Amino acid sequence: MSNGDPIIETRGIAKSFHDPVEVQVLKDVSFAMRRGEFVSIVGKSGCGKSTLLYILSTMDTDHAGDVLIDGESMTGLPGDRLARVRNEKIGFVFQFHYLLPEFTVLRNVMLPGLKLGLHTAAEVETRAMDRLRMLGIADQALKLANQLSGGQKQRVAIARALINDPLIIMGDEPTGNLDSHNSEIVFDIFRELSTERGQSLLVVTHDDDFAARTDRIIEMDDGRIVSA
Amino acid sequence: MGWRLLIGIALTLLRARLRQSIVAAASVMFGIAMFITLTGFMSGLNGLLDGLILDRTPHIRLYNEIKPIAVQPAQLADSSGHVFVGSIKPKEGLERIRNASAIMDALGNDARVEGVAPRVVAQVFFNVGTTELPGVVNGVDPLEEARLFRFKDYLVQGELRGMLQANSIVLGKTLAEKMLVDVGDVVQLTTARGERFLLKVVGLYQSGIADYDKVQCYASMQNTQKILGEPSNYITDIAVKLKDLDEAPEVAEEYRGTFGLDALDIRTANAQFETGTTVRNIISYATSIVLLVVAGFGIYNILNMMIYEKLDSIAILKATGFSGGDVRIIFIGLSLIIGISGGAVGLAAGLGLSVAIHHVPFTTQALPAVKTFPVDFSAHRYVIGIVFALITTYVAGFFPARKASRVDPVQIIRGK
Ligand SMILES: Nc1ncnc2c1ncn2[C@@H]1O[C@H](COP(=O)(O)OP(=O)(O)OP(=O)(O)O)[C@@H](O)[C@H]1O
Ligand SMILES: [Mg+2]
């Protein structure tokens, strides 16, 4: 695994939905992404960006073609192995923050770390606090997740995505419902992760300004990559 | 680590739905408490009813029946002609068990036998003024009868040791009332041979079966043999108590062959009794199981609802690296936590209720020794109870948990 290897590589991904009528949503999507690269995906609504991201995150396995993460093919891996890959190597940030409302902010951030089991609970807690501090919300740690504002929740979700130092962070419109100020904060964090920590980022966005400042823009149209 | 984390998540989910969880646990508690109480009470009643007949009935009774000999003289003769036989009658005194002390010794050495008590029966008439009341004097060994057949429980007045005195008798309570006599009084009786005896009443006996208490009396072997004018080796019955009642039919069969005596076993004599016991057990178990099934449906509903509410959380857990198996463990764990806590409280509540019932006064003519409702407290019932609780909640949790483990996170996340 030298630094030159792509962190994510796709080979001829195709996907169709059959219900209610047969529609092919992705057609022969092939691209690769280097380590530490900050890439954005843009394209018209309905062109298949989210669908692609779900496939790349290993949550959707019902497709043709192959996905390689960190050099390993995901095709045919059993569910618990894929879960392990998500846990260890991928951090996912959704447009809607998706925190567990029953748990505190701190616990939400800790859960994937506890699941990974590489560190003791105390160490995971320290790591979680570090990440909350980095995102400027350490003072909210002991609140319940649904007591936070939208922007704060999104930052908690990012902290959670970072807890296991994933190789790649994926975001589906992570700034989609944030104001420009909070969008700016999120962008800066992503930038820092990419340049200072060498983590890769793959972010779907409708914000042209946001996309313009990433390392590379992948443009999609009607299920195909039109420019990368 | 893995398990602790998953159970921790289950506990947090439960705490967030505390009221529903408590209702679910309470329904399990109710089922288990009812199971413990009902079956304990039923089993106590069964024990009591068993006591009514089984405890004081010999497991095997050895005796000589007065009956015609199996091969009649006529059959011995040449069948070609007519044979005339005069009135052949059972020989007098056939009732007696010959060689009784040797038989008793042999029985005493049998490993399956708990104890042996000899008995003599005398038919008498009690003289009350000018009328005569029929009675049966059972000659027994009072100490052995007390040890083996709970004789003392039914001796409502007087002392067991009083029976060891010469010319003493214990009367059935109803009989004593009819004769207007009490402990310390003297009664006169006439034997079948016409001899008269004066006996001192040293105790009253109450079996609870009125017909029985109207005629049955007890005296020591010696006193009864004296009434009958027989020597001290005269024994008409041998009552055997086995260590295991269930062996009675085979052992009786064996003795019949070995000793050449009639042997009546308790199973044959009281076949209908066991049916009652079985039916009562089935009813109490069925009732409890119905209650638990209802509790199980409650848990099933609550879990289904919870999973429906928690679809987002399940999706996010899966997206962040929890596998379908982990999610299944969380929800089955959730169900089992409800089962264990509800079951444990149910056991305690059942025990409490049983103790309460056990303190309710209950007196019955039939069982003078019983003062409160009988309840059986044996430990195996509590083990069965908690196992029931776990099985019910596991089954109730299984399908919702499987549903949760199959939630497709993409579908949920896209749905927003
Ligand atoms: N479960 C489904 N069944 C049928 N069609 C679906 C399903 N999910 C998505 N699609 C279709 O697939 C296409 C791509 O959807 P996708 O969500 O990937 O678009 P997108 O590029 O993320 O759009 P947006 O920018 O609006 O989020 C759309 O036309 C959508 O209608
Ligand atoms: Mg989308």
# chains A, B, ... in the order shown; residues from 1 in each chain; ligands from 1

call {"tool": "residues_near_ligand", "arguments": {"ligand": "ligand 2", "cutoff": "12 Å", "atoms": "only C-alpha atoms and all ligand atoms", "output": "ChimeraX atom specification"}}
result
/A:41-54,94-96,171-174,176,203-206,220 /B:410,413-416

call {"tool": "select_by_dssp", "arguments": {"residues": "chain A", "states": "helix (DSSP H, G or I)", "output": "count of residues only"}}
result
87

call {"tool": "residues_around", "arguments": {"residues": "segment 213-224 of chain B", "least_positions_apart": "4", "cutoff": "6 Å", "atoms": "only C-alpha atoms", "output": "list of chain:residue names"}}
result
B:Gly135, B:Val136, B:Val137, B:Asn138, B:Gly139, B:Val140, B:Asp141, B:Met163, B:Asn167, B:Ile169, B:Val170, B:Leu171, B:Gly172, B:Lys173, B:Thr174, B:Leu175

call {"tool": "write_last_selection", "arguments": {"atoms": "N, CA, C and O atoms", "output": "tab-separated table (two decimals), in the first residue's frame"}}
result
chain	number	residue	atom	x	y	z
B	135	GLY	N	-68.61	-51.64	64.52
B	135	GLY	CA	-67.33	-50.95	64.49
B	135	GLY	C	-66.24	-51.90	64.01
B	135	GLY	O	-66.43	-53.11	63.96
B	136	VAL	N	-65.14	-51.29	63.59
B	136	VAL	CA	-63.99	-52.10	63.17
B	136	VAL	C	-62.80	-51.64	64.00
B	136	VAL	O	-62.49	-50.44	64.02
B	137	VAL	N	-62.20	-52.59	64.71
B	137	VAL	CA	-61.01	-52.21	65.46
B	137	VAL	C	-59.78	-52.61	64.64
B	137	VAL	O	-59.61	-53.77	64.29
B	138	ASN	N	-58.97	-51.60	64.32
B	138	ASN	CA	-57.73	-51.87	63.60
B	138	ASN	C	-56.61	-52.00	64.60
B	138	ASN	O	-56.27	-51.04	65.30
B	139	GLY	N	-56.04	-53.19	64.69
B	139	GLY	CA	-54.89	-53.36	65.57
B	139	GLY	C	-53.64	-52.95	64.84
B	139	GLY	O	-53.35	-53.45	63.76
B	140	VAL	N	-52.94	-51.98	65.38
B	140	VAL	CA	-51.77	-51.45	64.69
B	140	VAL	C	-50.60	-51.32	65.65
B	140	VAL	O	-50.77	-51.39	66.86
B	141	ASP	N	-49.44	-51.13	65.10
B	141	ASP	CA	-48.29	-50.74	65.89
B	141	ASP	C	-48.25	-49.22	65.87
B	141	ASP	O	-47.88	-48.62	64.86
B	163	MET	N	-52.07	-45.44	73.61
B	163	MET	CA	-52.47	-46.68	72.97
B	163	MET	C	-51.64	-47.87	73.43
B	163	MET	O	-52.02	-49.02	73.22
B	167	ASN	N	-55.86	-52.57	77.36
B	167	ASN	CA	-57.28	-52.25	77.29
B	167	ASN	C	-57.57	-50.80	76.93
B	167	ASN	O	-58.41	-50.15	77.55
B	169	ILE	N	-58.26	-47.89	73.67
B	169	ILE	CA	-58.76	-47.81	72.29
B	169	ILE	C	-58.86	-46.36	71.84
B	169	ILE	O	-59.05	-45.46	72.67
B	170	VAL	N	-58.66	-46.14	70.55
B	170	VAL	CA	-58.89	-44.81	69.96
B	170	VAL	C	-60.12	-44.95	69.08
B	170	VAL	O	-60.19	-45.82	68.22
B	171	LEU	N	-61.10	-44.07	69.33
B	171	LEU	CA	-62.35	-44.17	68.58
B	171	LEU	C	-62.39	-43.17	67.43
B	171	LEU	O	-61.81	-42.09	67.52
B	172	GLY	N	-63.09	-43.53	66.37
B	172	GLY	CA	-63.38	-42.56	65.33
B	172	GLY	C	-64.21	-41.44	65.94
B	172	GLY	O	-65.06	-41.67	66.79
B	173	LYS	N	-63.97	-40.20	65.50
B	173	LYS	CA	-64.59	-39.06	66.16
B	173	LYS	C	-66.12	-39.10	66.07
B	173	LYS	O	-66.83	-38.87	67.05
B	174	THR	N	-66.60	-39.41	64.87
B	174	THR	CA	-68.05	-39.46	64.68
B	174	THR	C	-68.69	-40.54	65.55
B	174	THR	O	-69.75	-40.34	66.15
B	175	LEU	N	-68.01	-41.65	65.62
B	175	LEU	CA	-68.49	-42.76	66.45
B	175	LEU	C	-68.56	-42.33	67.92
B	175	LEU	O	-69.57	-42.56	68.60

call {"tool": "residues_around", "arguments": {"residues": "Leu155 of chain B", "least_positions_apart": "6", "cutoff": "8 Å", "atoms": "only C-alpha atoms", "output": "short mmCIF file (atom, residue, chain, number, x, y, z; two decimals) with N, CA, C and O atoms, in the first residue's frame"}}
result
data_model
loop_
_atom_site.label_atom_id
_atom_site.label_comp_id
_atom_site.auth_asym_id
_atom_site.auth_seq_id
_atom_site.Cartn_x
_atom_site.Cartn_y
_atom_site.Cartn_z
N GLY B 203 -58.04 -41.76 72.93
CA GLY B 203 -57.84 -40.76 71.89
C GLY B 203 -58.98 -40.80 70.90
O GLY B 203 -59.78 -41.74 70.86
N LEU B 204 -59.09 -39.72 70.11
CA LEU B 204 -60.10 -39.68 69.05
C LEU B 204 -59.38 -39.48 67.71
O LEU B 204 -58.38 -38.77 67.62
N TYR B 205 -59.93 -40.15 66.71
CA TYR B 205 -59.31 -40.17 65.40
C TYR B 205 -60.25 -39.53 64.39
O TYR B 205 -61.45 -39.79 64.41
N GLN B 206 -59.69 -38.66 63.56
CA GLN B 206 -60.54 -38.03 62.55
C GLN B 206 -59.86 -38.10 61.19
O GLN B 206 -58.81 -37.51 60.97
#

call {"tool": "atom_distance", "arguments": {"atom1": "atom CA of Gly324 of chain B", "atom2": "atom CA of Asp80 of chain A"}}
result
7.1 Å

call {"tool": "residues_around", "arguments": {"residues": "Ser168 of chain B", "least_positions_apart": "4", "cutoff": "6 Å", "atoms": "only C-alpha atoms", "output": "list in words"}}
result
Met163, Leu199, Lys200 and Val201 of chain B

call {"tool": "interface_residues", "arguments": {"of": "chain B", "to": "chain A", "cutoff": "8 Å", "atoms": "only C-alpha atoms", "output": "list in words"}}
result
Met1, Gly2, Leu5, Thr12, Leu13, Ala16, Asp312, Ser313, Ile316, Lys318, Ala319, Thr320, Gly321, Phe322, Ser323, Gly324, Gly325, Pro409, Val410 and Lys416 of chain B

call {"tool": "write_last_selection", "arguments": {"atoms": "C-alpha atoms", "output": "short mmCIF file (atom, residue, chain, number, x, y, z; two decimals), in the first residue's frame"}}
result
data_model
loop_
_atom_site.label_atom_id
_atom_site.label_comp_id
_atom_site.auth_asym_id
_atom_site.auth_seq_id
_atom_site.Cartn_x
_atom_site.Cartn_y
_atom_site.Cartn_z
CA MET B 1 -16.08 -5.49 24.95
CA GLY B 2 -18.38 -6.06 21.97
CA LEU B 5 -21.14 -2.05 24.15
CA THR B 12 -29.86 3.40 26.67
CA LEU B 13 -32.63 2.69 24.17
CA ALA B 16 -35.29 6.46 26.53
CA ASP B 312 -33.03 6.28 11.86
CA SER B 313 -30.88 5.14 14.74
CA ILE B 316 -26.96 5.29 11.49
CA LYS B 318 -25.23 0.38 10.45
CA ALA B 319 -23.73 3.27 8.46
CA THR B 320 -21.09 3.78 11.13
CA GLY B 321 -19.99 0.17 11.19
CA PHE B 322 -22.38 -1.90 13.29
CA SER B 323 -23.30 -5.10 11.46
CA GLY B 324 -26.77 -6.62 11.09
CA GLY B 325 -25.73 -9.16 13.75
CA PRO B 409 -29.71 1.98 5.88
CA VAL B 410 -29.70 3.38 2.34
CA LYS B 416 -35.22 11.81 4.58
#

call {"tool": "residues_around", "arguments": {"residues": "segment 26-39 of chain B", "least_positions_apart": "5", "cutoff": "6 Å", "atoms": "only C-alpha atoms", "output": "JSON, numbers by chain"}}
result
{"B": [284, 288, 291, 292, 295, 342, 343, 345, 346, 347, 349, 350, 354, 385]}

call {"tool": "residues_around", "arguments": {"residues": "Ile8 of chain A", "least_positions_apart": "2", "cutoff": "6 Å", "atoms": "only C-alpha atoms", "output": "tab-separated table (two decimals) with all heavy atoms, in the first residue's frame"}}
result
chain	number	residue	atom	x	y	z
A	6	PRO	N	-4.43	4.20	-5.36
A	6	PRO	CA	-5.68	4.94	-5.12
A	6	PRO	C	-6.34	4.45	-3.83
A	6	PRO	O	-6.27	3.27	-3.52
A	6	PRO	CB	-6.53	4.64	-6.34
A	6	PRO	CG	-5.92	3.44	-6.98
A	6	PRO	CD	-4.50	3.35	-6.54
A	32	ALA	N	-10.82	6.98	-10.03
A	32	ALA	CA	-9.95	6.66	-8.90
A	32	ALA	C	-9.63	7.92	-8.13
A	32	ALA	O	-9.72	9.03	-8.67
A	32	ALA	CB	-8.66	6.00	-9.40
A	33	MET	N	-9.28	7.75	-6.88
A	33	MET	CA	-9.03	8.89	-6.01
A	33	MET	C	-7.77	8.62	-5.22
A	33	MET	O	-7.60	7.54	-4.67
A	33	MET	CB	-10.22	8.97	-5.06
A	33	MET	CG	-10.61	10.34	-4.69
A	33	MET	SD	-11.95	10.21	-3.51
A	33	MET	CE	-11.25	11.18	-2.23
A	68	LEU	N	-13.07	-0.79	-5.14
A	68	LEU	CA	-11.90	-1.15	-4.34
A	68	LEU	C	-11.63	-0.05	-3.33
A	68	LEU	O	-11.54	1.13	-3.71
A	68	LEU	CB	-10.66	-1.35	-5.22
A	68	LEU	CG	-10.66	-2.61	-6.10
A	68	LEU	CD1	-11.29	-2.30	-7.45
A	68	LEU	CD2	-9.25	-3.14	-6.25
A	69	ILE	N	-11.58	-0.42	-2.09
A	69	ILE	CA	-11.26	0.55	-1.05
A	69	ILE	C	-9.93	0.15	-0.44
A	69	ILE	O	-9.76	-0.98	0.01
A	69	ILE	CB	-12.36	0.60	0.02
A	69	ILE	CG1	-13.64	1.17	-0.61
A	69	ILE	CG2	-11.93	1.47	1.20
A	69	ILE	CD1	-14.82	1.18	0.29

call {"tool": "atom_distance", "arguments": {"atom1": "atom CA of Leu106 of chain A", "atom2": "atom CA of Ile340 of chain B"}}
result
29.4 Å

call {"tool": "select_by_dssp", "arguments": {"residues": "segment 169-301 of chain B", "states": "strand (DSSP E or B)", "output": "ChimeraX atom specification"}}
result
/B:169-172,186-191,196-205,216-220,237-242,262-265

call {"tool": "decode", "arguments": {"residues": "segment 135-182 of chain A", "atoms": "C-alpha atoms", "output": "short mmCIF file (atom, residue, chain, number, x, y, z; two decimals), in the first residue's frame"}}
result
data_model
loop_
_atom_site.label_atom_id
_atom_site.label_comp_id
_atom_site.auth_asym_id
_atom_site.auth_seq_id
_atom_site.Cartn_x
_atom_site.Cartn_y
_atom_site.Cartn_z
CA LEU A 135 -14.75 21.36 15.80
CA GLY A 136 -15.34 23.92 18.53
CA ILE A 137 -18.16 22.11 20.30
CA ALA A 138 -16.36 20.52 23.26
CA ASP A 139 -18.60 22.48 25.63
CA GLN A 140 -21.66 20.67 24.24
CA ALA A 141 -20.24 17.19 24.92
CA LEU A 142 -22.63 16.19 27.69
CA LYS A 143 -25.82 17.49 26.12
CA LEU A 144 -28.24 15.11 24.48
CA ALA A 145 -27.80 15.11 20.72
CA ASN A 146 -31.17 16.66 19.96
CA GLN A 147 -30.55 19.66 22.22
CA LEU A 148 -28.11 21.13 19.69
CA SER A 149 -28.63 23.51 16.78
CA GLY A 150 -28.47 22.21 13.22
CA GLY A 151 -24.95 23.53 12.63
CA GLN A 152 -23.74 22.05 15.90
CA LYS A 153 -25.28 18.69 15.05
CA GLN A 154 -23.53 18.68 11.71
CA ARG A 155 -20.22 19.30 13.42
CA VAL A 156 -20.93 16.46 15.88
CA ALA A 157 -21.61 14.20 12.90
CA ILE A 158 -18.25 15.22 11.44
CA ALA A 159 -16.52 14.54 14.76
CA ARG A 160 -18.14 11.11 14.76
CA ALA A 161 -16.95 10.47 11.20
CA LEU A 162 -13.41 11.27 12.36
CA ILE A 163 -13.29 9.16 15.52
CA ASN A 164 -11.51 6.17 13.97
CA ASP A 165 -9.13 8.24 11.81
CA PRO A 166 -10.75 6.91 8.62
CA LEU A 167 -8.80 6.81 5.39
CA ILE A 168 -11.67 8.46 3.62
CA ILE A 169 -14.48 10.78 4.65
CA MET A 170 -17.57 10.86 2.48
CA GLY A 171 -20.18 13.54 2.65
CA ASP A 172 -23.56 13.80 0.94
CA GLU A 173 -24.28 17.51 0.89
CA PRO A 174 -22.81 17.97 4.38
CA THR A 175 -23.32 21.70 4.15
CA GLY A 176 -26.66 21.43 2.39
CA ASN A 177 -28.70 22.89 5.20
CA LEU A 178 -26.12 25.06 6.88
CA ASP A 179 -25.82 28.85 6.57
CA SER A 180 -22.79 30.27 4.80
CA HIS A 181 -20.93 30.84 8.07
CA ASN A 182 -21.30 27.22 9.19
#
